[in-house]
Amino acid sequence: MIREKQVVTREHERAFELFGTSVRILAGGEPAEGAPPAEVAIAAAEAVLRACQLDLSRFDPDSELSRLNADPAPSRVTSRLMSGAVSAAVHAAERSGGLVDPTLISALESAGYAESLRDAEPAPLRDALRAAPARRPAAPSHGAMWRTVSATGREVRRPPGVRLDLGGSAKGFAADRASASLAGQGTFAVDAGGDLVLGGASGTLRSVTVAHPLDTRPALHFQLAAGAVATSGIGTRIWRTGSGFAHHLLDPSSGRPAWTGVIQATAVAATGVEAETLAKTALLLGPERGLRVLQPEGGALVLDDGRVVLAGPLRARAVEAA
Amino acid sequence: MKPATRTLSVRITAVSLAAAGAIFGGLAVQMAHGHDPALGAGTSTARSSSTRQTSPTDPFAQQDQSGGSPSGVVTRAS
C-alpha cells in the first residue's frame, strides 16, 4: 500500500511497504538554497531505499546479495551499494566486538528463519519468555568468520562458502543513504521500519516515540533534532519451534537465539548504522553491560518484565510513558 | 534475461515509478490544497513559526506539545 499526503506541519510524507516492514519518508520546511523541492527529494530517497531492498535482500534469489552468496569465487566485483553495505556490516561486527555478526546465515536458517517472516504472525512474546532458557549475555563466535570478510572499492572478498546476511545493519545503512537525498530540506525523517534518521537545515525538534513490546502504551517519548535512532527487539521476528520458541537475534557463540534478559533496546547515535549496531549490541549483552554500551549517546532497554531502563542523555530528557 | 539485467531493469522501473508518483502526487496534493504550482509560490508551504530549535551541542529536549512541530515518528523493533 502506498499513500501520500501533506501533513499539517507543511511536511510531505510518503509511506510504503519495504524490507518486510513499513517505511515513511517525511520532508518539508524551508529548503536550503539549491535544494530540490521536498517531493523530488522524497522520490530520490525512496529510490535509494528501493534499490537497497532489491540488492540487499537474502530472501530474493535474484538480489545481488543472493548472487554474491552463490558465487564460489573468493572475490567478486559488486555495485557500490553492495560493497558499501558489506563495509557497514563489517563495521558493525567490529564495533560490537563480533556480536552483530553478518556470517550467521546458516544458523539463522537452522533456527527456522530461512524465509521472510513478513506475513507471519509473531509468536506471543510473553509465552516465549516463560519457556526460554536461563538468561545469559551473548558472546562472539569462536571462529569469527566475519573477520575474513572485506570490501575495498567495489570488490567484496570472503572465503568460498561464507554467506552474508546484511539484516543486522541493512536498514540503518539504507536509511543513512536515503537521508543524503534529503539533507537540503528544512526538516526530514527517514523511518525504515523503526530505524530512524532525522535532520534538516532548520534544526527543528521532532517527537520520537519508542514503542513497547509488551504494552500498547509507548515505552517513552523524547525529542531529537538530528541524528539516528534504532530499536532492536525479539518480539517481532519470533516463532514457535518443535521444542519451544526462537527469534532472529542469535548468540554468535552458540548459533542459537539469545535470551539475555533484554527484549528490546533503543539506541541514539550519529548514523543509522551506528544506532542499529548499538541497539543490537546492547540487547545481546544483557541489562548491565547493555546499559553501558548505550551510556555515551543515550538509549533505553526494555527488560523481560517490561521495565524500561534509560541510559545516558535520555535519562534526563525522556518522558517515560509505560 | 540475465539476473543482473533483470535487476537493473526492475530498479530503473522502480525509480521511474517512484519519481513520477512523487512528482505527480505532489502536484495533485498541491492542487487539492488550492495551490496551483504554475502560479508560483503560495501560502500553502509556509512553515509554522511555533517550531522549536536547539543548539548544535544539545540535540535533545523535553517533550514539546506545541502544535507546529514536525510529524512525530515511532521507533520499534521490526
# chains A, B, ... in the order shown; residues from 1 in each chain; ligands from 1
call {"tool": "select_by_dssp", "arguments": {"residues": "region 210-320 of chain A", "states": "alpha helix (DSSP H)", "output": "PyMOL selection string"}}
result
chain A and resi 272-285+287-294+314-317
call {"tool": "residues_around", "arguments": {"residues": "Ala111 (chain A)", "least_positions_apart": "2", "cutoff": "12 Å", "atoms": "only C-alpha atoms", "output": "list of chain:residue names"}}
result
A:Leu104, A:Ile105, A:Ser106, A:Ala107, A:Leu108, A:Glu109, A:Tyr113, A:Ala114, A:Glu115, A:Arg237, A:Ile238, A:Trp239, A:Arg240, A:Thr241, A:Gly242, A:Ser243, A:Gly244, A:Phe245, A:Ala246, A:His247, A:His248, A:Leu249, A:Leu250, A:Asp251, A:Ser254, A:Gly255, A:Arg256, A:Pro257, A:Ala258
call {"tool": "write_last_selection", "arguments": {"atoms": "N, CA and C atoms", "output": "compact mmCIF listing (two decimals), in the first residue's frame"}}
result
# COMPACT_ATOMS: atom_id res chain seq x y z
N LEU A 104 26.20 -15.40 10.09
CA LEU A 104 25.44 -16.42 10.83
C LEU A 104 24.25 -16.94 10.04
N ILE A 105 24.29 -16.82 8.74
CA ILE A 105 23.11 -17.13 7.93
C ILE A 105 22.71 -18.61 8.05
N SER A 106 23.68 -19.51 8.13
CA SER A 106 23.33 -20.93 8.27
C SER A 106 22.64 -21.19 9.60
N ALA A 107 23.13 -20.55 10.66
CA ALA A 107 22.50 -20.72 11.98
C ALA A 107 21.08 -20.13 11.97
N LEU A 108 20.90 -19.00 11.28
CA LEU A 108 19.57 -18.42 11.17
C LEU A 108 18.61 -19.37 10.47
N GLU A 109 19.09 -19.96 9.39
CA GLU A 109 18.26 -20.91 8.65
C GLU A 109 17.94 -22.13 9.51
N TYR A 113 14.65 -19.43 10.33
CA TYR A 113 14.47 -18.14 9.63
C TYR A 113 15.09 -18.24 8.24
N ALA A 114 14.55 -19.14 7.43
CA ALA A 114 15.07 -19.33 6.07
C ALA A 114 14.30 -18.50 5.06
N GLU A 115 13.10 -18.08 5.41
CA GLU A 115 12.29 -17.28 4.51
C GLU A 115 11.81 -16.03 5.24
N ARG A 237 10.17 -10.73 15.13
CA ARG A 237 10.60 -11.91 14.36
C ARG A 237 10.79 -13.06 15.35
N ILE A 238 9.70 -13.62 15.80
CA ILE A 238 9.72 -14.68 16.79
C ILE A 238 8.72 -15.76 16.37
N TRP A 239 9.09 -17.02 16.54
CA TRP A 239 8.24 -18.10 16.04
C TRP A 239 8.37 -19.33 16.95
N ARG A 240 7.41 -20.22 16.79
CA ARG A 240 7.42 -21.46 17.55
C ARG A 240 8.31 -22.48 16.84
N THR A 241 8.96 -23.31 17.64
CA THR A 241 9.74 -24.42 17.10
C THR A 241 9.22 -25.71 17.74
N GLY A 242 9.81 -26.82 17.36
CA GLY A 242 9.38 -28.09 17.93
C GLY A 242 9.64 -28.16 19.43
N SER A 243 10.63 -27.43 19.90
CA SER A 243 10.99 -27.51 21.32
C SER A 243 10.69 -26.24 22.10
N GLY A 244 10.10 -25.25 21.47
CA GLY A 244 9.80 -24.01 22.19
C GLY A 244 9.64 -22.84 21.26
N PHE A 245 10.50 -21.84 21.43
CA PHE A 245 10.42 -20.62 20.63
C PHE A 245 11.80 -20.23 20.13
N ALA A 246 11.82 -19.51 19.03
CA ALA A 246 13.08 -18.98 18.51
C ALA A 246 12.83 -17.58 17.99
N HIS A 247 13.90 -16.77 17.94
CA HIS A 247 13.81 -15.44 17.33
C HIS A 247 15.08 -15.19 16.52
N HIS A 248 15.13 -14.01 15.89
CA HIS A 248 16.16 -13.79 14.87
C HIS A 248 17.47 -13.21 15.40
N LEU A 249 17.55 -12.86 16.67
CA LEU A 249 18.79 -12.29 17.20
C LEU A 249 19.58 -13.41 17.88
N LEU A 250 20.60 -13.87 17.18
CA LEU A 250 21.33 -15.05 17.64
C LEU A 250 22.51 -14.69 18.52
N ASP A 251 22.81 -15.59 19.45
CA ASP A 251 24.05 -15.53 20.21
C ASP A 251 25.12 -16.16 19.31
N SER A 254 26.80 -19.55 20.28
CA SER A 254 26.05 -20.81 20.25
C SER A 254 25.31 -21.02 18.93
N GLY A 255 25.09 -19.94 18.19
CA GLY A 255 24.29 -20.02 16.97
C GLY A 255 22.81 -20.18 17.26
N ARG A 256 22.41 -19.93 18.51
CA ARG A 256 21.01 -20.07 18.89
C ARG A 256 20.46 -18.71 19.34
N PRO A 257 19.13 -18.58 19.38
CA PRO A 257 18.55 -17.31 19.81
C PRO A 257 19.07 -16.89 21.18
N ALA A 258 19.34 -15.59 21.31
CA ALA A 258 19.89 -15.04 22.56
C ALA A 258 18.75 -14.66 23.50
call {"tool": "atom_distance", "arguments": {"atom1": "CA of Leu214 (chain A)", "atom2": "CA of Gly299 (chain A)"}}
result
18.1 Å
call {"tool": "atom_distance", "arguments": {"atom1": "CA of Leu81 (chain A)", "atom2": "CA of Asp119 (chain A)"}}
result
27.1 Å
call {"tool": "residues_around", "arguments": {"residues": "region 166-179 of chain A", "least_positions_apart": "2", "cutoff": "8 Å", "atoms": "only C-alpha atoms", "output": "MDAnalysis selection string"}}
result
chainID A and resid 19 44:46 48:49 52 56:58 85:86 88:89 92 100:102 164 181:183 188:193 195:198 230 271:277 280
call {"tool": "atom_distance", "arguments": {"atom1": "CA of Ile263 (chain A)", "atom2": "CA of Ala282 (chain A)"}}
result
10.3 Å
call {"tool": "residues_around", "arguments": {"residues": "Arg157 (chain A)", "least_positions_apart": "2", "cutoff": "12 Å", "atoms": "only C-alpha atoms", "output": "PDB file with N, CA and C atoms, in the first residue's frame"}}
result
ATOM      1  N   LEU A  68      25.848 -12.868  -4.853  1.00  0.00           N
ATOM      2  CA  LEU A  68      27.145 -12.852  -4.171  1.00  0.00           C
ATOM      3  C   LEU A  68      27.310 -14.096  -3.305  1.00  0.00           C
ATOM      4  N   ASN A  69      26.260 -14.455  -2.577  1.00  0.00           N
ATOM      5  CA  ASN A  69      26.339 -15.622  -1.699  1.00  0.00           C
ATOM      6  C   ASN A  69      26.471 -16.923  -2.482  1.00  0.00           C
ATOM      7  N   ASP A  71      28.136 -17.183  -5.304  1.00  0.00           N
ATOM      8  CA  ASP A  71      29.371 -17.155  -6.092  1.00  0.00           C
ATOM      9  C   ASP A  71      30.487 -17.875  -5.340  1.00  0.00           C
ATOM     10  N   PRO A  72      31.070 -18.942  -5.909  1.00  0.00           N
ATOM     11  CA  PRO A  72      32.123 -19.681  -5.191  1.00  0.00           C
ATOM     12  C   PRO A  72      33.483 -18.982  -5.229  1.00  0.00           C
ATOM     13  N   ALA A  73      33.618 -17.949  -6.039  1.00  0.00           N
ATOM     14  CA  ALA A  73      34.904 -17.256  -6.125  1.00  0.00           C
ATOM     15  C   ALA A  73      35.175 -16.483  -4.826  1.00  0.00           C
ATOM     16  N   PRO A  74      36.449 -16.373  -4.431  1.00  0.00           N
ATOM     17  CA  PRO A  74      36.767 -15.679  -3.169  1.00  0.00           C
ATOM     18  C   PRO A  74      36.567 -14.166  -3.237  1.00  0.00           C
ATOM     19  N   SER A  75      36.515 -13.609  -4.441  1.00  0.00           N
ATOM     20  CA  SER A  75      36.247 -12.170  -4.542  1.00  0.00           C
ATOM     21  C   SER A  75      35.271 -11.935  -5.687  1.00  0.00           C
ATOM     22  N   ARG A  76      34.559 -10.823  -5.593  1.00  0.00           N
ATOM     23  CA  ARG A  76      33.570 -10.502  -6.627  1.00  0.00           C
ATOM     24  C   ARG A  76      33.444  -8.985  -6.716  1.00  0.00           C
ATOM     25  N   VAL A  77      33.417  -8.492  -7.938  1.00  0.00           N
ATOM     26  CA  VAL A  77      33.186  -7.061  -8.150  1.00  0.00           C
ATOM     27  C   VAL A  77      31.680  -6.820  -8.064  1.00  0.00           C
ATOM     28  N   THR A  78      31.295  -5.912  -7.201  1.00  0.00           N
ATOM     29  CA  THR A  78      29.880  -5.673  -6.938  1.00  0.00           C
ATOM     30  C   THR A  78      29.524  -4.231  -7.257  1.00  0.00           C
ATOM     31  N   MET A  82      26.365  -2.445  -2.865  1.00  0.00           N
ATOM     32  CA  MET A  82      26.650  -3.709  -2.189  1.00  0.00           C
ATOM     33  C   MET A  82      27.950  -3.622  -1.385  1.00  0.00           C
ATOM     34  N   SER A  83      29.004  -3.079  -1.993  1.00  0.00           N
ATOM     35  CA  SER A  83      30.265  -3.011  -1.251  1.00  0.00           C
ATOM     36  C   SER A  83      30.120  -2.082  -0.043  1.00  0.00           C
ATOM     37  N   VAL A  86      28.318  -4.095   2.624  1.00  0.00           N
ATOM     38  CA  VAL A  86      29.209  -5.080   3.245  1.00  0.00           C
ATOM     39  C   VAL A  86      30.182  -4.378   4.200  1.00  0.00           C
ATOM     40  N   SER A  87      30.699  -3.212   3.776  1.00  0.00           N
ATOM     41  CA  SER A  87      31.571  -2.433   4.669  1.00  0.00           C
ATOM     42  C   SER A  87      30.844  -2.078   5.959  1.00  0.00           C
ATOM     43  N   VAL A  90      30.625  -5.153   8.172  1.00  0.00           N
ATOM     44  CA  VAL A  90      31.906  -5.453   8.820  1.00  0.00           C
ATOM     45  C   VAL A  90      32.178  -4.444   9.943  1.00  0.00           C
ATOM     46  N   TRP A 146      33.438 -13.441  10.357  1.00  0.00           N
ATOM     47  CA  TRP A 146      33.246 -12.091   9.819  1.00  0.00           C
ATOM     48  C   TRP A 146      34.587 -11.385   9.601  1.00  0.00           C
ATOM     49  N   ARG A 147      35.620 -11.820  10.318  1.00  0.00           N
ATOM     50  CA  ARG A 147      36.938 -11.192  10.132  1.00  0.00           C
ATOM     51  C   ARG A 147      37.529 -11.503   8.754  1.00  0.00           C
ATOM     52  N   THR A 148      36.988 -12.502   8.084  1.00  0.00           N
ATOM     53  CA  THR A 148      37.502 -12.860   6.756  1.00  0.00           C
ATOM     54  C   THR A 148      36.800 -12.081   5.646  1.00  0.00           C
ATOM     55  N   VAL A 149      35.826 -11.260   6.016  1.00  0.00           N
ATOM     56  CA  VAL A 149      35.034 -10.520   5.025  1.00  0.00           C
ATOM     57  C   VAL A 149      35.586  -9.101   4.904  1.00  0.00           C
ATOM     58  N   SER A 150      35.714  -8.624   3.680  1.00  0.00           N
ATOM     59  CA  SER A 150      36.168  -7.242   3.485  1.00  0.00           C
ATOM     60  C   SER A 150      35.568  -6.691   2.205  1.00  0.00           C
ATOM     61  N   ALA A 151      35.516  -5.380   2.120  1.00  0.00           N
ATOM     62  CA  ALA A 151      35.065  -4.690   0.904  1.00  0.00           C
ATOM     63  C   ALA A 151      36.016  -3.530   0.650  1.00  0.00           C
ATOM     64  N   THR A 152      36.634  -3.561  -0.516  1.00  0.00           N
ATOM     65  CA  THR A 152      37.556  -2.500  -0.906  1.00  0.00           C
ATOM     66  C   THR A 152      37.135  -2.004  -2.276  1.00  0.00           C
ATOM     67  N   GLY A 153      36.853  -0.707  -2.366  1.00  0.00           N
ATOM     68  CA  GLY A 153      36.311  -0.212  -3.626  1.00  0.00           C
ATOM     69  C   GLY A 153      35.022  -0.949  -3.923  1.00  0.00           C
ATOM     70  N   ARG A 154      34.946  -1.578  -5.092  1.00  0.00           N
ATOM     71  CA  ARG A 154      33.750  -2.353  -5.431  1.00  0.00           C
ATOM     72  C   ARG A 154      33.973  -3.856  -5.261  1.00  0.00           C
ATOM     73  N   GLU A 155      35.116  -4.234  -4.727  1.00  0.00           N
ATOM     74  CA  GLU A 155      35.427  -5.663  -4.590  1.00  0.00           C
ATOM     75  C   GLU A 155      35.079  -6.163  -3.182  1.00  0.00           C
ATOM     76  N   PRO A 159      35.892 -15.917   2.079  1.00  0.00           N
ATOM     77  CA  PRO A 159      36.235 -17.280   1.671  1.00  0.00           C
ATOM     78  C   PRO A 159      35.039 -17.978   1.017  1.00  0.00           C
ATOM     79  N   PRO A 160      35.299 -18.883   0.110  1.00  0.00           N
ATOM     80  CA  PRO A 160      34.194 -19.626  -0.509  1.00  0.00           C
ATOM     81  C   PRO A 160      33.331 -20.299   0.554  1.00  0.00           C
ATOM     82  N   GLY A 161      32.050 -20.201   0.380  1.00  0.00           N
ATOM     83  CA  GLY A 161      31.130 -20.835   1.328  1.00  0.00           C
ATOM     84  C   GLY A 161      30.663 -19.923   2.440  1.00  0.00           C
ATOM     85  N   VAL A 162      31.327 -18.807   2.644  1.00  0.00           N
ATOM     86  CA  VAL A 162      30.878 -17.860   3.669  1.00  0.00           C
ATOM     87  C   VAL A 162      29.802 -16.975   3.057  1.00  0.00           C
ATOM     88  N   ARG A 163      28.590 -17.167   3.529  1.00  0.00           N
ATOM     89  CA  ARG A 163      27.470 -16.371   3.021  1.00  0.00           C
ATOM     90  C   ARG A 163      27.163 -15.228   3.985  1.00  0.00           C
ATOM     91  N   LEU A 164      26.644 -14.155   3.443  1.00  0.00           N
ATOM     92  CA  LEU A 164      26.401 -12.948   4.243  1.00  0.00           C
ATOM     93  C   LEU A 164      24.911 -12.699   4.415  1.00  0.00           C
TER      94      LEU A 164
END
call {"tool": "closest_residue", "arguments": {"among": "A:Ala38, A:Leu117, A:Leu54, A:Val262", "to": "Asp305 (chain A)", "atoms": "only C-alpha atoms"}}
result
A:Val262
call {"tool": "select_by_dssp", "arguments": {"residues": "region 4-249 of chain A", "states": "strand (DSSP E)", "output": "PyMOL selection string"}}
result
chain A and resi 4-6+11-18+21-28+75-77+150-152+155-157+187-192+195-199+206-210+220-224+227-233+238-240+245-247
